[in-house]
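Novice: Sharing a structure, written as structure tokens. Questions coming.
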Amino acid sequence: MSSLELYSPTDLNDALRFLEHDGKNAAVIASGTDLLPRMRRRQISPSILVDISSFTEDLRYIRQSDGTIRLGALTTVTDLLETPMFYGKLSIIREAATLFGAPQVRNVATVGGNICSAASSEDMIPVFMALDAKLKLASARGERTVPLKDFVVGKRQTAMKPVEILTEVSFSPPQGHSWTAYEKLGRRNMLILAMVNEALSLALEDDLQTIHSARLALNRVSGKIPALAVKTSNFLEGKRVTDQTIAEAQKVLASELSLTSDFRGSGEYRTEVAQVYLRRLVERCTRQIGGPS
Ligand SMILES: Cc1cc2nc3c(=O)[nH]c(=O)nc-3n(C[C@H](O)[C@H](O)[C@H](O)COP(=O)(O)OP(=O)(O)OC[C@H]3O[C@@H](n4cnc5c(N)ncnc54)[C@H](O)[C@@H]3O)c2cc1C
């Protein structure tokens with residue numbers, strides 16, 4: 001049987017130094033709600049867990065300054081629900097947090113852990129992709145910033161190096177005539193791992209008829225990787241919001257998606273649901289902005 005050690009660093013710098021020098025086959029653990037079940041299923045077998053869960057003073061915060069909202073990586077899903085900031089144009093975050101797991105999971109599950117798990121069932125990745133979020137990655141050698149859209153590079157694979165820790169997620173709140181919305185389908189109403197989840201950030205021109213910008217993200221665009229639906233987003237931009245535009249965008253989305261089947265649902269079914277959700281998201285955002293309904 002292979003052995004497992006736990007390293008409890010004194011602070012973030014200690015954790016980063018440890019990863020740099022002794023981190024071979026180590027895994028960072030925040031609350032463990034994703035990591036521990038995967039270890040139990042023997043999907044991964046780290047030999048050392050580097051526990052960052054006590055760094056709440058440094059990594060658990062929600063701040064807004066200079067037009068940017070910043071979330072520390074240890075911010076929990078419950079923290080998101082308790083923040084008045086995530087009503088109105090940013091209610092996409094509240095919607096996703098509400099549909100997330102059950103209260104026991106929401107109380108501990110961290111935003112950083114959700115993003116770093118890079119799973120196609122995670123709620124927060126499409127939401128923050130639609131918001132064009134950026135990630136701050138720290139290592140013993142310094143910090144770098146990576147757009148979330150470039151972070152997930154494969155199934156359960158990220159652009160993060162083994163010596164790095166995600167410290168912060170940041171984004172600019174949507175401006176102008178804009179709104180955001182989220183839809184999720186699972187096989188039951190609680191503790192749902194998403195079969196399809198879809199997030200949209202939409203802005204209209206001053207005429208409230210024409211789409212100024214659209215960012216549509218799904219938990220799967222091709223295979224099992226959360227990503228932006230770039231073609232569909234580009235197609236929507238500059239178009240008037242009409243029934244025909246949405247119907248055409250649904251076709252573009254179907255051509256852009258290349259979804260596989262698994263025990264949760266077939267690729268065909270997922271594609272149909274994604275098309276229905278696209279219509280719902282565009283209509284919901286447009287209605288909230290005060291555009292054509
Ligand atoms: C019963 C149950 C229900 C769930 N329901 C949902 C749901 O509805 N929606 C959903 O999206 N997820 C759900 N999950 C999955 C899980 O709870 C989330 O992904 C959660 O956000 C993970 O956070 P964590 O702090 O527990 O991460 P951990 O399990 O500690 O870590 C997850 C991964 O990220 C890495 N990691 C964590 N933090 C960092 C960091 N700061 N820097 C670098 N790497 C890091 C770890 O090494 C690991 O690979 C559920 C899980 C359970 C057990």
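Letters A, B, ... mark the chains of the structure tokens in the order given; residue numbers begin at 1 per chain; ligand numbers begin at 1, in order shown.
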Can you pull out every residue with an atom within 7 Å of ligand 1? Use only C-alpha atoms and all ligand atoms and format it as a ChimeraX atom specification.
Specialist: /A:27-37,73-74,99-102,105,108-117,121-124,164-167,191-193
Novice: May I have the residues within 10 Å of Glu248 (chain A) as a PyMOL selection string, using only C-alpha atoms and disregarding those fewer than 6 positions away in the same chain?
Specialist: chain A and resi 232+235-236+242+254
Novice: Kindly save the residues from that selection, with N, CA, C and O atoms included, as a PDB file, in the first residue's frame.
Specialist:
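So the final result, stored in selection_31.pdb, reads:
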ATOM      1  N   THR A 232     -20.621  30.695 -31.394  1.00  0.00           N
ATOM      2  CA  THR A 232     -21.981  31.145 -31.082  1.00  0.00           C
ATOM      3  C   THR A 232     -21.947  32.557 -30.506  1.00  0.00           C
ATOM      4  O   THR A 232     -22.773  33.400 -30.871  1.00  0.00           O
ATOM      5  N   PHE A 235     -21.326  34.890 -33.305  1.00  0.00           N
ATOM      6  CA  PHE A 235     -22.493  34.983 -34.177  1.00  0.00           C
ATOM      7  C   PHE A 235     -23.510  35.977 -33.609  1.00  0.00           C
ATOM      8  O   PHE A 235     -24.108  36.763 -34.340  1.00  0.00           O
ATOM      9  N   LEU A 236     -23.704  35.932 -32.293  1.00  0.00           N
ATOM     10  CA  LEU A 236     -24.733  36.776 -31.681  1.00  0.00           C
ATOM     11  C   LEU A 236     -24.377  38.268 -31.755  1.00  0.00           C
ATOM     12  O   LEU A 236     -25.272  39.117 -31.902  1.00  0.00           O
ATOM     13  N   THR A 242     -33.955  38.802 -32.138  1.00  0.00           N
ATOM     14  CA  THR A 242     -35.236  38.377 -32.694  1.00  0.00           C
ATOM     15  C   THR A 242     -35.326  36.867 -32.533  1.00  0.00           C
ATOM     16  O   THR A 242     -34.326  36.198 -32.267  1.00  0.00           O
ATOM     17  N   ALA A 254     -25.298  24.166 -32.090  1.00  0.00           N
ATOM     18  CA  ALA A 254     -25.310  22.708 -32.325  1.00  0.00           C
ATOM     19  C   ALA A 254     -24.114  22.297 -33.177  1.00  0.00           C
ATOM     20  O   ALA A 254     -23.503  21.244 -32.959  1.00  0.00           O
TER      21      ALA A 254
END
Novice: List every residue of region 141-213 of chain A that has an atom at most 7 Å from any atom of region 218-228 of chain A, and for each one report the closest atom pair and its distance in Å to one decimal, counting only C-alpha atoms, with rows sorted by chain and then by increasing residue number, as JSON lines.
Specialist:
{"residue": "A:Lys149", "atom": "CA", "partner": "A:Ala227", "partner_atom": "CA", "distance": 6.5}
{"residue": "A:Gly154", "atom": "CA", "partner": "A:Ile225", "partner_atom": "CA", "distance": 6.0}
{"residue": "A:Lys155", "atom": "CA", "partner": "A:Ile225", "partner_atom": "CA", "distance": 5.6}
{"residue": "A:Val196", "atom": "CA", "partner": "A:Asn219", "partner_atom": "CA", "distance": 6.5}
{"residue": "A:Asn197", "atom": "CA", "partner": "A:Asn219", "partner_atom": "CA", "distance": 5.6}
{"residue": "A:Glu198", "atom": "CA", "partner": "A:Leu218", "partner_atom": "CA", "distance": 4.4}
{"residue": "A:Ala199", "atom": "CA", "partner": "A:Leu218", "partner_atom": "CA", "distance": 6.4}
Novice: Write a file of the just-selected residues containing N, CA and C atoms, as a PDB file, in the first residue's frame.
Specialist:
ATOM      1  N   LYS A 149     -10.291  31.325 -19.536  1.00  0.00           N
ATOM      2  CA  LYS A 149     -10.613  30.633 -20.793  1.00  0.00           C
ATOM      3  C   LYS A 149      -9.431  29.790 -21.294  1.00  0.00           C
ATOM      4  N   GLY A 154      -7.591  20.393 -20.805  1.00  0.00           N
ATOM      5  CA  GLY A 154      -7.977  19.028 -21.132  1.00  0.00           C
ATOM      6  C   GLY A 154      -8.870  18.508 -20.040  1.00  0.00           C
ATOM      7  N   LYS A 155      -9.280  17.256 -20.198  1.00  0.00           N
ATOM      8  CA  LYS A 155     -10.152  16.675 -19.171  1.00  0.00           C
ATOM      9  C   LYS A 155      -9.375  16.599 -17.858  1.00  0.00           C
ATOM     10  N   VAL A 196     -25.738  19.351 -18.179  1.00  0.00           N
ATOM     11  CA  VAL A 196     -25.461  20.512 -19.032  1.00  0.00           C
ATOM     12  C   VAL A 196     -25.476  21.723 -18.112  1.00  0.00           C
ATOM     13  N   ASN A 197     -24.460  22.557 -18.175  1.00  0.00           N
ATOM     14  CA  ASN A 197     -24.612  23.873 -17.562  1.00  0.00           C
ATOM     15  C   ASN A 197     -24.075  24.917 -18.520  1.00  0.00           C
ATOM     16  N   GLU A 198     -24.735  26.056 -18.468  1.00  0.00           N
ATOM     17  CA  GLU A 198     -24.519  27.049 -19.522  1.00  0.00           C
ATOM     18  C   GLU A 198     -24.644  28.434 -18.899  1.00  0.00           C
ATOM     19  N   ALA A 199     -23.714  29.307 -19.205  1.00  0.00           N
ATOM     20  CA  ALA A 199     -23.683  30.630 -18.597  1.00  0.00           C
ATOM     21  C   ALA A 199     -23.546  31.670 -19.701  1.00  0.00           C
TER      22      ALA A 199
END
Novice: Leaving out Gly88 (chain A) and any residue of its chain fewer than 5 positions from it, which residues lie within 12 Å of it when counting only C-alpha atoms, given as an mmCIF file with all heavy atoms, in the first residue's frame?
Specialist:
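Generated file (result.cif):
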data_model
loop_
_atom_site.group_PDB
_atom_site.id
_atom_site.type_symbol
_atom_site.label_atom_id
_atom_site.label_comp_id
_atom_site.auth_asym_id
_atom_site.auth_seq_id
_atom_site.Cartn_x
_atom_site.Cartn_y
_atom_site.Cartn_z
ATOM 1 N N THR A 83 -23.171 37.237 -0.195
ATOM 2 C CA THR A 83 -22.636 38.532 -0.623
ATOM 3 C C THR A 83 -23.672 39.326 -1.410
ATOM 4 O O THR A 83 -24.080 38.890 -2.489
ATOM 5 C CB THR A 83 -21.386 38.319 -1.507
ATOM 6 O OG1 THR A 83 -20.455 37.579 -0.753
ATOM 7 C CG2 THR A 83 -20.744 39.622 -1.916
ATOM 8 N N ILE A 93 -23.762 34.512 -10.475
ATOM 9 C CA ILE A 93 -22.959 33.844 -9.445
ATOM 10 C C ILE A 93 -23.877 33.271 -8.370
ATOM 11 O O ILE A 93 -23.726 32.131 -7.920
ATOM 12 C CB ILE A 93 -21.945 34.837 -8.847
ATOM 13 C CG1 ILE A 93 -20.920 35.204 -9.929
ATOM 14 C CG2 ILE A 93 -21.259 34.268 -7.606
ATOM 15 C CD1 ILE A 93 -19.861 36.182 -9.489
ATOM 16 N N ARG A 94 -24.874 34.046 -8.020
ATOM 17 C CA ARG A 94 -25.843 33.597 -7.015
ATOM 18 C C ARG A 94 -26.637 32.385 -7.526
ATOM 19 O O ARG A 94 -26.885 31.434 -6.799
ATOM 20 C CB ARG A 94 -26.786 34.777 -6.748
ATOM 21 C CG ARG A 94 -27.527 34.662 -5.540
ATOM 22 C CD ARG A 94 -28.457 35.777 -5.200
ATOM 23 N NE ARG A 94 -29.257 35.256 -4.121
ATOM 24 C CZ ARG A 94 -28.770 35.039 -2.917
ATOM 25 N NH1 ARG A 94 -27.533 35.359 -2.624
ATOM 26 N NH2 ARG A 94 -29.529 34.497 -1.997
ATOM 27 N N GLU A 95 -27.030 32.457 -8.811
ATOM 28 C CA GLU A 95 -27.815 31.345 -9.383
ATOM 29 C C GLU A 95 -27.006 30.052 -9.329
ATOM 30 O O GLU A 95 -27.511 29.004 -8.942
ATOM 31 C CB GLU A 95 -28.179 31.646 -10.840
ATOM 32 C CG GLU A 95 -29.270 32.691 -10.984
ATOM 33 C CD GLU A 95 -29.517 33.070 -12.440
ATOM 34 O OE1 GLU A 95 -29.105 32.332 -13.351
ATOM 35 O OE2 GLU A 95 -30.115 34.126 -12.666
ATOM 36 N N PRO A 173 -17.063 43.697 -13.329
ATOM 37 C CA PRO A 173 -18.509 43.511 -13.422
ATOM 38 C C PRO A 173 -19.025 44.002 -14.769
ATOM 39 O O PRO A 173 -18.474 44.961 -15.327
ATOM 40 C CB PRO A 173 -19.058 44.359 -12.271
ATOM 41 C CG PRO A 173 -17.924 45.116 -11.709
ATOM 42 C CD PRO A 173 -16.647 44.623 -12.291
ATOM 43 N N PRO A 174 -20.045 43.362 -15.346
ATOM 44 C CA PRO A 174 -20.552 43.773 -16.654
ATOM 45 C C PRO A 174 -21.024 45.233 -16.628
ATOM 46 O O PRO A 174 -21.601 45.675 -15.652
ATOM 47 C CB PRO A 174 -21.746 42.833 -16.880
ATOM 48 C CG PRO A 174 -21.578 41.727 -15.906
ATOM 49 C CD PRO A 174 -20.773 42.238 -14.770
ATOM 50 N N GLN A 175 -20.723 45.927 -17.714
ATOM 51 C CA GLN A 175 -21.060 47.361 -17.806
ATOM 52 C C GLN A 175 -22.218 47.571 -18.773
ATOM 53 O O GLN A 175 -22.552 46.695 -19.558
ATOM 54 C CB GLN A 175 -19.847 48.156 -18.308
ATOM 55 C CG GLN A 175 -18.618 48.048 -17.436
ATOM 56 C CD GLN A 175 -18.828 48.651 -16.059
ATOM 57 O OE1 GLN A 175 -19.324 49.757 -15.943
ATOM 58 N NE2 GLN A 175 -18.485 47.911 -15.014
ATOM 59 N N HIS A 177 -25.711 48.205 -20.798
ATOM 60 C CA HIS A 177 -27.007 47.505 -20.819
ATOM 61 C C HIS A 177 -26.725 45.999 -20.819
ATOM 62 O O HIS A 177 -26.754 45.349 -21.866
ATOM 63 C CB HIS A 177 -27.791 47.880 -22.073
ATOM 64 C CG HIS A 177 -27.942 49.354 -22.247
ATOM 65 N ND1 HIS A 177 -28.694 50.133 -21.401
ATOM 66 C CD2 HIS A 177 -27.432 50.197 -23.176
ATOM 67 C CE1 HIS A 177 -28.638 51.387 -21.785
ATOM 68 N NE2 HIS A 177 -27.875 51.463 -22.860
ATOM 69 N N SER A 178 -26.410 45.472 -19.671
ATOM 70 C CA SER A 178 -25.958 44.076 -19.652
ATOM 71 C C SER A 178 -26.672 43.271 -18.569
ATOM 72 O O SER A 178 -27.263 43.830 -17.633
ATOM 73 C CB SER A 178 -24.448 44.030 -19.409
ATOM 74 O OG SER A 178 -24.166 44.680 -18.194
ATOM 75 N N TRP A 179 -26.582 41.964 -18.717
ATOM 76 C CA TRP A 179 -27.108 41.051 -17.691
ATOM 77 C C TRP A 179 -26.377 39.724 -17.827
ATOM 78 O O TRP A 179 -25.710 39.470 -18.848
ATOM 79 C CB TRP A 179 -28.622 40.844 -17.866
ATOM 80 C CG TRP A 179 -29.274 40.396 -16.576
ATOM 81 C CD1 TRP A 179 -29.577 39.115 -16.212
ATOM 82 C CD2 TRP A 179 -29.678 41.225 -15.480
ATOM 83 N NE1 TRP A 179 -30.141 39.102 -14.954
ATOM 84 C CE2 TRP A 179 -30.211 40.386 -14.484
ATOM 85 C CE3 TRP A 179 -29.606 42.603 -15.232
ATOM 86 C CZ2 TRP A 179 -30.684 40.867 -13.267
ATOM 87 C CZ3 TRP A 179 -30.086 43.086 -14.022
ATOM 88 C CH2 TRP A 179 -30.620 42.226 -13.055
ATOM 89 N N THR A 180 -26.496 38.891 -16.801
ATOM 90 C CA THR A 180 -25.869 37.571 -16.845
ATOM 91 C C THR A 180 -26.878 36.540 -16.338
ATOM 92 O O THR A 180 -27.734 36.868 -15.508
ATOM 93 C CB THR A 180 -24.636 37.520 -15.919
ATOM 94 O OG1 THR A 180 -25.039 37.861 -14.583
ATOM 95 C CG2 THR A 180 -23.539 38.465 -16.371
ATOM 96 N N ALA A 181 -26.789 35.321 -16.829
ATOM 97 C CA ALA A 181 -27.731 34.288 -16.371
ATOM 98 C C ALA A 181 -27.104 32.901 -16.521
ATOM 99 O O ALA A 181 -26.154 32.703 -17.301
ATOM 100 C CB ALA A 181 -29.023 34.380 -17.161
ATOM 101 N N CYS A 285 -31.772 37.366 -20.213
ATOM 102 C CA CYS A 285 -30.882 38.542 -20.132
ATOM 103 C C CYS A 285 -31.550 39.742 -20.783
ATOM 104 O O CYS A 285 -31.568 40.852 -20.233
ATOM 105 C CB CYS A 285 -29.544 38.259 -20.808
ATOM 106 S SG CYS A 285 -28.482 37.136 -19.893
ATOM 107 N N GLN A 288 -34.301 41.281 -18.715
ATOM 108 C CA GLN A 288 -33.793 42.030 -17.564
ATOM 109 C C GLN A 288 -33.197 43.365 -17.977
ATOM 110 O O GLN A 288 -33.293 44.346 -17.249
ATOM 111 C CB GLN A 288 -32.715 41.217 -16.831
ATOM 112 C CG GLN A 288 -33.232 40.007 -16.105
ATOM 113 C CD GLN A 288 -34.071 40.361 -14.872
ATOM 114 O OE1 GLN A 288 -34.086 41.507 -14.432
ATOM 115 N NE2 GLN A 288 -34.776 39.392 -14.342
ATOM 116 N N ILE A 289 -32.588 43.394 -19.163
ATOM 117 C CA ILE A 289 -31.969 44.654 -19.614
ATOM 118 C C ILE A 289 -33.062 45.635 -20.058
ATOM 119 O O ILE A 289 -32.863 46.842 -20.064
ATOM 120 C CB ILE A 289 -30.979 44.390 -20.788
ATOM 121 C CG1 ILE A 289 -29.860 43.451 -20.346
ATOM 122 C CG2 ILE A 289 -30.371 45.690 -21.297
ATOM 123 C CD1 ILE A 289 -28.992 42.908 -21.479
#
Novice: If you run DSSP on the backbone here, which positions in region 43-268 of chain A get strand (DSSP E or B)? Please write them as number ranges by chain.
Specialist: A: 48-51, 62-65, 68-72, 76, 110, 134-139, 142-147, 152-154, 157-158, 165-171, 177-185, 196-204, 210-222, 225-228, 240, 258, 262, 265
Novice: I need the residues in region 23-244 of chain A that are alpha helix (DSSP H) according to DSSP; give them as JSON, numbers by chain.
Specialist: {"A": [35, 36, 37, 38, 39, 40, 56, 57, 58, 59, 77, 78, 79, 80, 81, 91, 92, 93, 94, 95, 96, 97, 98, 103, 104, 105, 106, 111, 112, 113, 114, 115, 116, 117, 124, 125, 126, 127, 128, 129, 130, 230, 231, 232, 233, 234, 235, 236, 243, 244]}
Novice: Could you save those same residues with C-alpha atoms as an mmCIF file, in the first residue's frame?
Specialist:
data_model
loop_
_atom_site.group_PDB
_atom_site.id
_atom_site.type_symbol
_atom_site.label_atom_id
_atom_site.label_comp_id
_atom_site.auth_asym_id
_atom_site.auth_seq_id
_atom_site.Cartn_x
_atom_site.Cartn_y
_atom_site.Cartn_z
ATOM 1 C CA LEU A 35 -9.971 15.638 -4.107
ATOM 2 C CA LEU A 36 -10.771 13.110 -1.380
ATOM 3 C CA PRO A 37 -13.565 11.268 -3.259
ATOM 4 C CA ARG A 38 -11.236 11.030 -6.274
ATOM 5 C CA MET A 39 -8.466 9.602 -4.104
ATOM 6 C CA ARG A 40 -10.920 7.150 -2.564
ATOM 7 C CA THR A 56 -8.387 31.967 5.309
ATOM 8 C CA GLU A 57 -6.949 35.329 6.332
ATOM 9 C CA ASP A 58 -4.973 35.541 3.079
ATOM 10 C CA LEU A 59 -7.163 33.609 0.667
ATOM 11 C CA VAL A 77 -19.862 28.807 -2.212
ATOM 12 C CA THR A 78 -21.808 29.909 0.886
ATOM 13 C CA ASP A 79 -19.702 33.100 0.997
ATOM 14 C CA LEU A 80 -20.889 33.816 -2.557
ATOM 15 C CA LEU A 81 -24.511 33.340 -1.503
ATOM 16 C CA SER A 91 -26.850 37.276 -10.160
ATOM 17 C CA ILE A 92 -25.294 34.577 -12.378
ATOM 18 C CA ILE A 93 -22.959 33.844 -9.445
ATOM 19 C CA ARG A 94 -25.843 33.597 -7.015
ATOM 20 C CA GLU A 95 -27.815 31.345 -9.383
ATOM 21 C CA ALA A 96 -24.906 28.921 -9.754
ATOM 22 C CA ALA A 97 -24.202 28.967 -6.008
ATOM 23 C CA THR A 98 -27.862 28.228 -5.244
ATOM 24 C CA PRO A 103 -25.716 23.320 2.247
ATOM 25 C CA GLN A 104 -23.089 21.059 3.846
ATOM 26 C CA VAL A 105 -21.044 21.033 0.635
ATOM 27 C CA ARG A 106 -21.605 24.737 -0.112
ATOM 28 C CA VAL A 111 -14.117 28.577 -5.585
ATOM 29 C CA GLY A 112 -10.422 27.784 -6.110
ATOM 30 C CA GLY A 113 -10.997 24.057 -5.666
ATOM 31 C CA ASN A 114 -13.909 24.152 -8.074
ATOM 32 C CA ILE A 115 -11.848 25.822 -10.786
ATOM 33 C CA CYS A 116 -8.691 23.755 -10.220
ATOM 34 C CA SER A 117 -10.610 20.478 -10.331
ATOM 35 C CA MET A 124 -18.281 27.855 -11.328
ATOM 36 C CA ILE A 125 -16.079 27.400 -14.389
ATOM 37 C CA PRO A 126 -18.636 28.385 -17.068
ATOM 38 C CA VAL A 127 -19.926 31.185 -14.829
ATOM 39 C CA PHE A 128 -16.510 32.775 -14.412
ATOM 40 C CA MET A 129 -15.666 32.148 -18.081
ATOM 41 C CA ALA A 130 -18.772 34.086 -19.098
ATOM 42 C CA VAL A 230 -16.735 31.206 -29.319
ATOM 43 C CA LYS A 231 -18.560 30.736 -32.641
ATOM 44 C CA THR A 232 -21.981 31.145 -31.082
ATOM 45 C CA SER A 233 -20.875 34.152 -29.037
ATOM 46 C CA ASN A 234 -19.387 35.801 -32.150
ATOM 47 C CA PHE A 235 -22.493 34.983 -34.177
ATOM 48 C CA LEU A 236 -24.733 36.776 -31.681
ATOM 49 C CA ASP A 243 -36.743 34.936 -32.734
ATOM 50 C CA GLN A 244 -34.872 34.251 -35.966
#
